[in-house]
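See below for the structure under consideration.
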Amino acid sequence: MIATGAEYRRPPCKNLLRFEGAGVYYGATFVEAQLCSGQEVIVVGGGNSAGQAAVFLAQTTKRVHMLVRSSGLAENMSRYLIRRIEETPTIVFLPNTEIVALEGGDHLESVRWQNRQTGQTEKHNITHVFVMTGADPNTSWLDGCVELDDKGFIKTGIDLSPERLTAAPWPRSRPPYLLETSLPGVFAVGDVRGGSIKHVASAVGEGSIAVSFVHQTLQE
C-alpha cells in the first residue's frame with residue numbers, strides 16, 4: 001500500500017508552518033467551512049483548486065479575499081470558475097498580491113499582504129488562510145512502476161483507462177479494485193493518489209477501504 005503523500009507548495013512566508021492547522025489550511029471542505037462561517041477568509045492561489053475553494057467558501061463566509069501573485073486568472077483557471085468568481089460579490093480578487101507575514105499566538109490572528117507592483121502593504125485581522133497553490137506528489141521513487149497522471153499522482157481504480165491497462169499490461173481478468181494501481185496487488189491511498197480529497201480523515205478512510213481489498217487480492 002502506497003501512502004507517501006504529497007509536498008504542498010508553500011508561499012515563502014515567515015511563520016507559515018507555525019500556523020498550519022491553526023488558521024492555515026491546505027484544503028477547503030465542509031469542516032473548514034464550518035470553522036470560518038460568517039468570517040473573512042483568504043484564499044491563496046490562481047488555479048482551479050483555488051477557484052473552487054473561493055466559490056465554496058463564499059457560500060458561508062462574510063468575504064473571501066483571493067490573493068494571486070500573477071495579474072489574472074485566465075491562464076490557470078477554467079472560464080466557468082472565473083465567471084463564478086466575477087459574479088460573486090463577496091469574493092474580492094487581488095492580483096499581484098502575496099502574503100508577507102502571519103501573526104498570532106496559538107492561532108492565527110492577523111495577516112499582512114503586499115501588492116508586488118505598488119509595494120503597498122495592508123494588515124487585516126483575518127484568522128483563516130487557505131493555501132491552494134498545488135502539491136507535488138512523492139512518487140519519483142516509483143520510476144514508472146505504476147501509472148501516474150499528468151501531475152505525477154498515482155492513478156487508481158476507474159481512473160485507469162482500458163487502453164492504459166492494456167499497455168501496462170494488466171494481467172488479471174477483473175478490472176482494478178477501487179484503490180488499486182496499474183500493478184495488481186499494489187494500492188494507493190491518501191494525498192499521493194490522483195483525485196483524493198487531500199484531507200486526513202479521507203486518507204484514513206481510504207486506508208481502511210484498501211485493507212479490505214488487500215484481503216480480497218490475497219484470496220485470489
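Note on naming: chains are A, B, ... as they come in the C-alpha cells, residues start from 1 per chain, ligands start from 1 in the order shown.
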Report as a Markdown table the residues of range 43-62 of chain A within 8 Å of range 131-144 of chain A, each with its shortest atom pair and distance in Å (one decimal), using only C-alpha atoms, ordered by chain and increasing residue number.
```
| residue | atom | partner | partner_atom | distance |
| --- | --- | --- | --- | --- |
| A:Val43 | CA | A:Val131 | CA | 6.1 |
| A:Val44 | CA | A:Val131 | CA | 4.9 |
| A:Gly45 | CA | A:Thr133 | CA | 4.9 |
| A:Gly46 | CA | A:Thr133 | CA | 7.4 |
| A:Gly47 | CA | A:Thr133 | CA | 7.3 |
| A:Ser49 | CA | A:Met132 | CA | 6.2 |
| A:Ala50 | CA | A:Met132 | CA | 5.0 |
| A:Ala53 | CA | A:Met132 | CA | 7.9 |
```
For the residues in the current selection, export C-alpha atoms as a PDB file, in the first residue's frame.
```pdb
ATOM      1  CA  VAL A  43      -7.624  32.007  -0.442  1.00  0.00           C
ATOM      2  CA  VAL A  44      -4.118  31.939  -1.921  1.00  0.00           C
ATOM      3  CA  GLY A  45      -3.744  30.659  -5.491  1.00  0.00           C
ATOM      4  CA  GLY A  46      -4.944  31.217  -9.030  1.00  0.00           C
ATOM      5  CA  GLY A  47      -5.681  27.701 -10.282  1.00  0.00           C
ATOM      6  CA  SER A  49      -8.480  24.346  -6.847  1.00  0.00           C
ATOM      7  CA  ALA A  50      -8.208  27.912  -5.525  1.00  0.00           C
ATOM      8  CA  ALA A  53     -12.319  26.855  -2.756  1.00  0.00           C
TER       9      ALA A  53
END
```
TODO: Please give the complete set of residues from range 72-194 of chain A that DSSP, run on the backbone, assigns to strand (DSSP E or B), formatted as a PyMOL selection string.
DONE: chain A and resi 91-94+97-104+108-115+121-124+129-131+135-137+148+154+180+187-188+193
Those residues you just picked out, can you put them in a file as a CSV table (one decimal), in the first residue's frame with N, CA and C atoms?
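Saved file part38.csv follows:
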```csv
chain,number,residue,atom,x,y,z
A,91,ILE,N,-16.5,37.8,-3.1
A,91,ILE,CA,-15.2,37.4,-3.5
A,91,ILE,C,-14.4,38.6,-4.0
A,92,VAL,N,-13.3,39.0,-3.3
A,92,VAL,CA,-12.5,40.1,-3.7
A,92,VAL,C,-11.2,39.6,-4.3
A,93,PHE,N,-11.1,39.8,-5.6
A,93,PHE,CA,-9.9,39.4,-6.3
A,93,PHE,C,-8.7,40.4,-6.2
A,94,LEU,N,-7.6,39.9,-5.7
A,94,LEU,CA,-6.4,40.8,-5.5
A,94,LEU,C,-5.2,40.3,-6.3
A,97,THR,N,-0.6,40.1,-5.7
A,97,THR,CA,-0.6,40.2,-4.2
A,97,THR,C,-0.1,38.9,-3.6
A,98,GLU,N,0.7,39.0,-2.5
A,98,GLU,CA,1.1,37.9,-1.8
A,98,GLU,C,1.2,38.2,-0.3
A,99,ILE,N,1.0,37.1,0.5
A,99,ILE,CA,1.1,37.3,2.0
A,99,ILE,C,2.6,37.4,2.3
A,100,VAL,N,2.9,38.4,3.2
A,100,VAL,CA,4.2,38.6,3.7
A,100,VAL,C,4.5,38.4,5.1
A,101,ALA,N,3.4,38.2,5.9
A,101,ALA,CA,3.5,38.0,7.3
A,101,ALA,C,2.2,37.4,7.9
A,102,LEU,N,2.4,36.5,8.8
A,102,LEU,CA,1.3,35.9,9.6
A,102,LEU,C,1.6,36.1,11.1
A,103,GLU,N,0.6,36.6,11.8
A,103,GLU,CA,0.9,36.9,13.2
A,103,GLU,C,-0.2,36.3,14.1
A,104,GLY,N,0.2,36.0,15.3
A,104,GLY,CA,-0.8,35.5,16.3
A,104,GLY,C,-0.1,34.7,17.4
A,108,LEU,N,-3.8,31.7,14.4
A,108,LEU,CA,-3.6,32.9,13.5
A,108,LEU,C,-4.5,34.0,13.9
A,109,GLU,N,-4.0,35.2,14.0
A,109,GLU,CA,-4.8,36.4,14.4
A,109,GLU,C,-4.9,37.5,13.4
A,110,SER,N,-3.8,37.6,12.6
A,110,SER,CA,-3.8,38.7,11.6
A,110,SER,C,-2.8,38.3,10.4
A,111,VAL,N,-3.1,39.0,9.3
A,111,VAL,CA,-2.3,38.7,8.1
A,111,VAL,C,-1.9,40.0,7.4
A,112,ARG,N,-0.7,40.0,7.0
A,112,ARG,CA,-0.2,41.2,6.2
A,112,ARG,C,0.0,40.7,4.7
A,113,TRP,N,-0.5,41.5,3.8
A,113,TRP,CA,-0.2,41.1,2.4
A,113,TRP,C,0.3,42.4,1.7
A,114,GLN,N,1.0,42.1,0.6
A,114,GLN,CA,1.6,43.2,-0.2
A,114,GLN,C,1.3,43.1,-1.7
A,115,ASN,N,1.1,44.3,-2.3
A,115,ASN,CA,0.9,44.3,-3.7
A,115,ASN,C,2.3,44.4,-4.3
A,121,THR,N,1.6,47.6,1.6
A,121,THR,CA,1.3,46.5,2.5
A,121,THR,C,0.1,46.9,3.3
A,122,GLU,N,-0.8,45.9,3.5
A,122,GLU,CA,-2.0,46.0,4.3
A,122,GLU,C,-2.0,44.9,5.4
A,123,LYS,N,-2.6,45.3,6.6
A,123,LYS,CA,-2.8,44.3,7.6
A,123,LYS,C,-4.3,44.1,7.9
A,124,HIS,N,-4.7,42.9,8.0
A,124,HIS,CA,-6.1,42.5,8.2
A,124,HIS,C,-6.2,41.5,9.3
A,129,VAL,N,-6.6,31.2,6.6
A,129,VAL,CA,-6.0,31.3,5.3
A,129,VAL,C,-6.0,29.9,4.6
A,130,PHE,N,-6.5,29.9,3.4
A,130,PHE,CA,-6.5,28.6,2.6
A,130,PHE,C,-5.4,28.7,1.5
A,131,VAL,N,-4.4,27.9,1.7
A,131,VAL,CA,-3.3,27.9,0.7
A,131,VAL,C,-3.6,26.8,-0.4
A,135,ALA,N,0.3,20.9,-5.1
A,135,ALA,CA,1.2,20.0,-4.3
A,135,ALA,C,1.9,19.1,-5.3
A,136,ASP,N,3.1,18.6,-4.9
A,136,ASP,CA,3.9,17.7,-5.7
A,136,ASP,C,3.9,16.4,-5.0
A,137,PRO,N,3.4,15.3,-5.6
A,137,PRO,CA,3.3,14.0,-5.0
A,137,PRO,C,4.7,13.4,-4.9
A,148,LEU,N,0.8,7.0,-13.6
A,148,LEU,CA,0.6,8.3,-13.0
A,148,LEU,C,-0.2,9.2,-13.9
A,154,ILE,N,-0.7,9.1,-8.5
A,154,ILE,CA,-1.0,7.7,-8.9
A,154,ILE,C,-2.4,7.5,-9.3
A,180,GLU,N,-6.8,0.3,-6.3
A,180,GLU,CA,-5.7,-0.4,-6.8
A,180,GLU,C,-5.0,0.3,-8.0
A,187,PHE,N,-1.8,-0.9,-3.9
A,187,PHE,CA,-2.8,0.1,-3.7
A,187,PHE,C,-2.2,1.4,-3.3
A,188,ALA,N,-2.9,2.5,-3.6
A,188,ALA,CA,-2.5,3.8,-3.3
A,188,ALA,C,-3.6,4.6,-2.5
A,193,ARG,N,-2.6,9.8,-4.2
A,193,ARG,CA,-3.5,9.3,-5.2
A,193,ARG,C,-4.2,10.4,-5.9
```
TODO: Just the residues within 9 Å of Phe56 in chain A, please, counting only C-alpha atoms, with nothing from its chain fewer than 6 positions along; format it as a list in words.
DONE: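 Here the answer would be Ala28, Thr29 and Ala33 of chain A.
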TODO: Name all residues at most 9 Å from Gly72 in chain A (count only C-alpha atoms; drop same-chain ones fewer than 3 positions away) and give them as a PyMOL selection string.
DONE: chain A and resi 46+68-69+75-76+94-96
Create the file for the chosen residues now, containing N, CA and C atoms and written as a compact mmCIF listing (two decimals), in the first residue's frame.
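Writing the result to selection32.txt gives the following:
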```
# COMPACT_ATOMS: atom_id res chain seq x y z
N GLY A 46 -4.20 30.78 -7.86
CA GLY A 46 -4.94 31.22 -9.03
C GLY A 46 -5.38 30.10 -9.94
N VAL A 68 -3.55 36.44 -5.58
CA VAL A 68 -2.89 35.79 -6.70
C VAL A 68 -1.61 36.56 -7.03
N ARG A 69 -0.51 35.85 -7.18
CA ARG A 69 0.77 36.51 -7.49
C ARG A 69 0.79 37.09 -8.90
N GLU A 75 -5.05 32.23 -17.22
CA GLU A 75 -4.02 31.28 -17.63
C GLU A 75 -4.15 29.93 -16.94
N ASN A 76 -4.60 29.91 -15.68
CA ASN A 76 -4.62 28.67 -14.91
C ASN A 76 -6.00 28.26 -14.41
N LEU A 94 -7.58 39.93 -5.69
CA LEU A 94 -6.42 40.80 -5.51
C LEU A 94 -5.24 40.26 -6.31
N PRO A 95 -5.04 40.74 -7.53
CA PRO A 95 -3.91 40.28 -8.35
C PRO A 95 -2.60 40.90 -7.87
N ASN A 96 -1.49 40.29 -8.30
CA ASN A 96 -0.14 40.79 -7.97
C ASN A 96 0.05 40.97 -6.46
```
Open item on the list: Can you pull out every residue from chain A that DSSP, working from the backbone, puts in alpha helix (DSSP H), and format the result as JSON, numbers by chain?
Closed with: {"A": [30, 31, 32, 33, 34, 35, 48, 49, 50, 51, 52, 53, 54, 55, 56, 57, 79, 80, 81, 82, 83, 84, 85, 86, 87, 162, 163, 164, 165, 166, 167, 200, 201, 202, 203, 204, 205, 206, 207, 208, 209, 210, 211, 212, 213, 214, 215, 216, 217, 218]}
Store the residues picked out above in a file with C-alpha atoms, as a short mmCIF file (atom, residue, chain, number, x, y, z; two decimals), in the first residue's frame.
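Contents of out24.cif, freshly written:
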```
data_model
loop_
_atom_site.label_atom_id
_atom_site.label_comp_id
_atom_site.auth_asym_id
_atom_site.auth_seq_id
_atom_site.Cartn_x
_atom_site.Cartn_y
_atom_site.Cartn_z
CA PHE A 30 -17.26 21.30 4.94
CA VAL A 31 -15.23 21.00 8.16
CA GLU A 32 -13.09 24.08 7.44
CA ALA A 33 -16.12 25.98 6.12
CA GLN A 34 -17.86 25.48 9.48
CA LEU A 35 -14.82 26.85 11.34
CA ASN A 48 -8.87 25.66 -10.40
CA SER A 49 -8.48 24.35 -6.85
CA ALA A 50 -8.21 27.91 -5.53
CA GLY A 51 -11.21 29.00 -7.58
CA GLN A 52 -13.31 26.09 -6.35
CA ALA A 53 -12.32 26.85 -2.76
CA ALA A 54 -13.20 30.54 -3.12
CA VAL A 55 -16.63 29.82 -4.62
CA PHE A 56 -17.35 27.16 -1.99
CA LEU A 57 -16.28 29.31 0.97
CA ARG A 79 -13.73 30.04 -17.76
CA TYR A 80 -16.63 28.66 -15.72
CA LEU A 81 -14.85 29.30 -12.41
CA ILE A 82 -13.67 32.75 -13.50
CA ARG A 83 -17.26 33.67 -14.31
CA ARG A 84 -18.49 32.34 -10.95
CA ILE A 85 -15.85 34.42 -9.13
CA GLU A 86 -16.73 37.55 -11.10
CA GLU A 87 -20.43 37.06 -10.34
CA PRO A 162 -8.75 0.22 -20.63
CA GLU A 163 -6.13 1.48 -23.08
CA ARG A 164 -3.61 2.19 -20.33
CA LEU A 165 -4.31 -1.15 -18.67
CA THR A 166 -3.64 -2.90 -21.96
CA ALA A 167 -0.38 -1.03 -22.34
CA VAL A 200 -6.57 13.45 6.85
CA ALA A 201 -9.95 11.85 7.60
CA SER A 202 -10.35 10.91 3.94
CA ALA A 203 -6.86 9.39 3.80
CA VAL A 204 -7.56 7.29 6.89
CA GLY A 205 -10.83 6.12 5.37
CA GLU A 206 -9.11 5.16 2.12
CA GLY A 207 -6.55 3.16 4.08
CA SER A 208 -9.31 1.18 5.78
CA ILE A 209 -11.05 0.50 2.47
CA ALA A 210 -7.80 -0.58 0.82
CA VAL A 211 -7.17 -3.14 3.58
CA SER A 212 -10.37 -4.98 2.63
CA PHE A 213 -9.25 -5.08 -1.00
CA VAL A 214 -5.84 -6.37 0.08
CA HIS A 215 -7.57 -9.33 1.74
CA GLN A 216 -9.60 -9.99 -1.43
CA THR A 217 -6.42 -9.86 -3.51
CA LEU A 218 -4.66 -12.35 -1.24
#
```
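Among the candidate residues A:Glu7, A:Leu178, A:Ile42, A:Pro89, the one lying nearest to Asp191 in chain A is A:Glu7, with distances computed using only C-alpha atoms.
Between CA of His65 in chain A and CA of Thr88 in chain A the interatomic distance comes to 11.8 Å.
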Task: Nearest to Ser182 in chain A, chosen from A:Ser78, A:Ser196, A:Gln120, A:Thr156, with only C-alpha atoms counted in the distances - done: A:Thr156
Task: Between CA of Thr127 in chain A and CA of Pro12 in chain A, distance in Å (one decimal) - done: 18.6 Å
- [ ] Could you check how far CA of Asp106 in chain A sits from CA of Phe19 in chain A, in Å to one decimal?
- [x]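 Rounded to one decimal, the two atoms are 7.9 Å apart.
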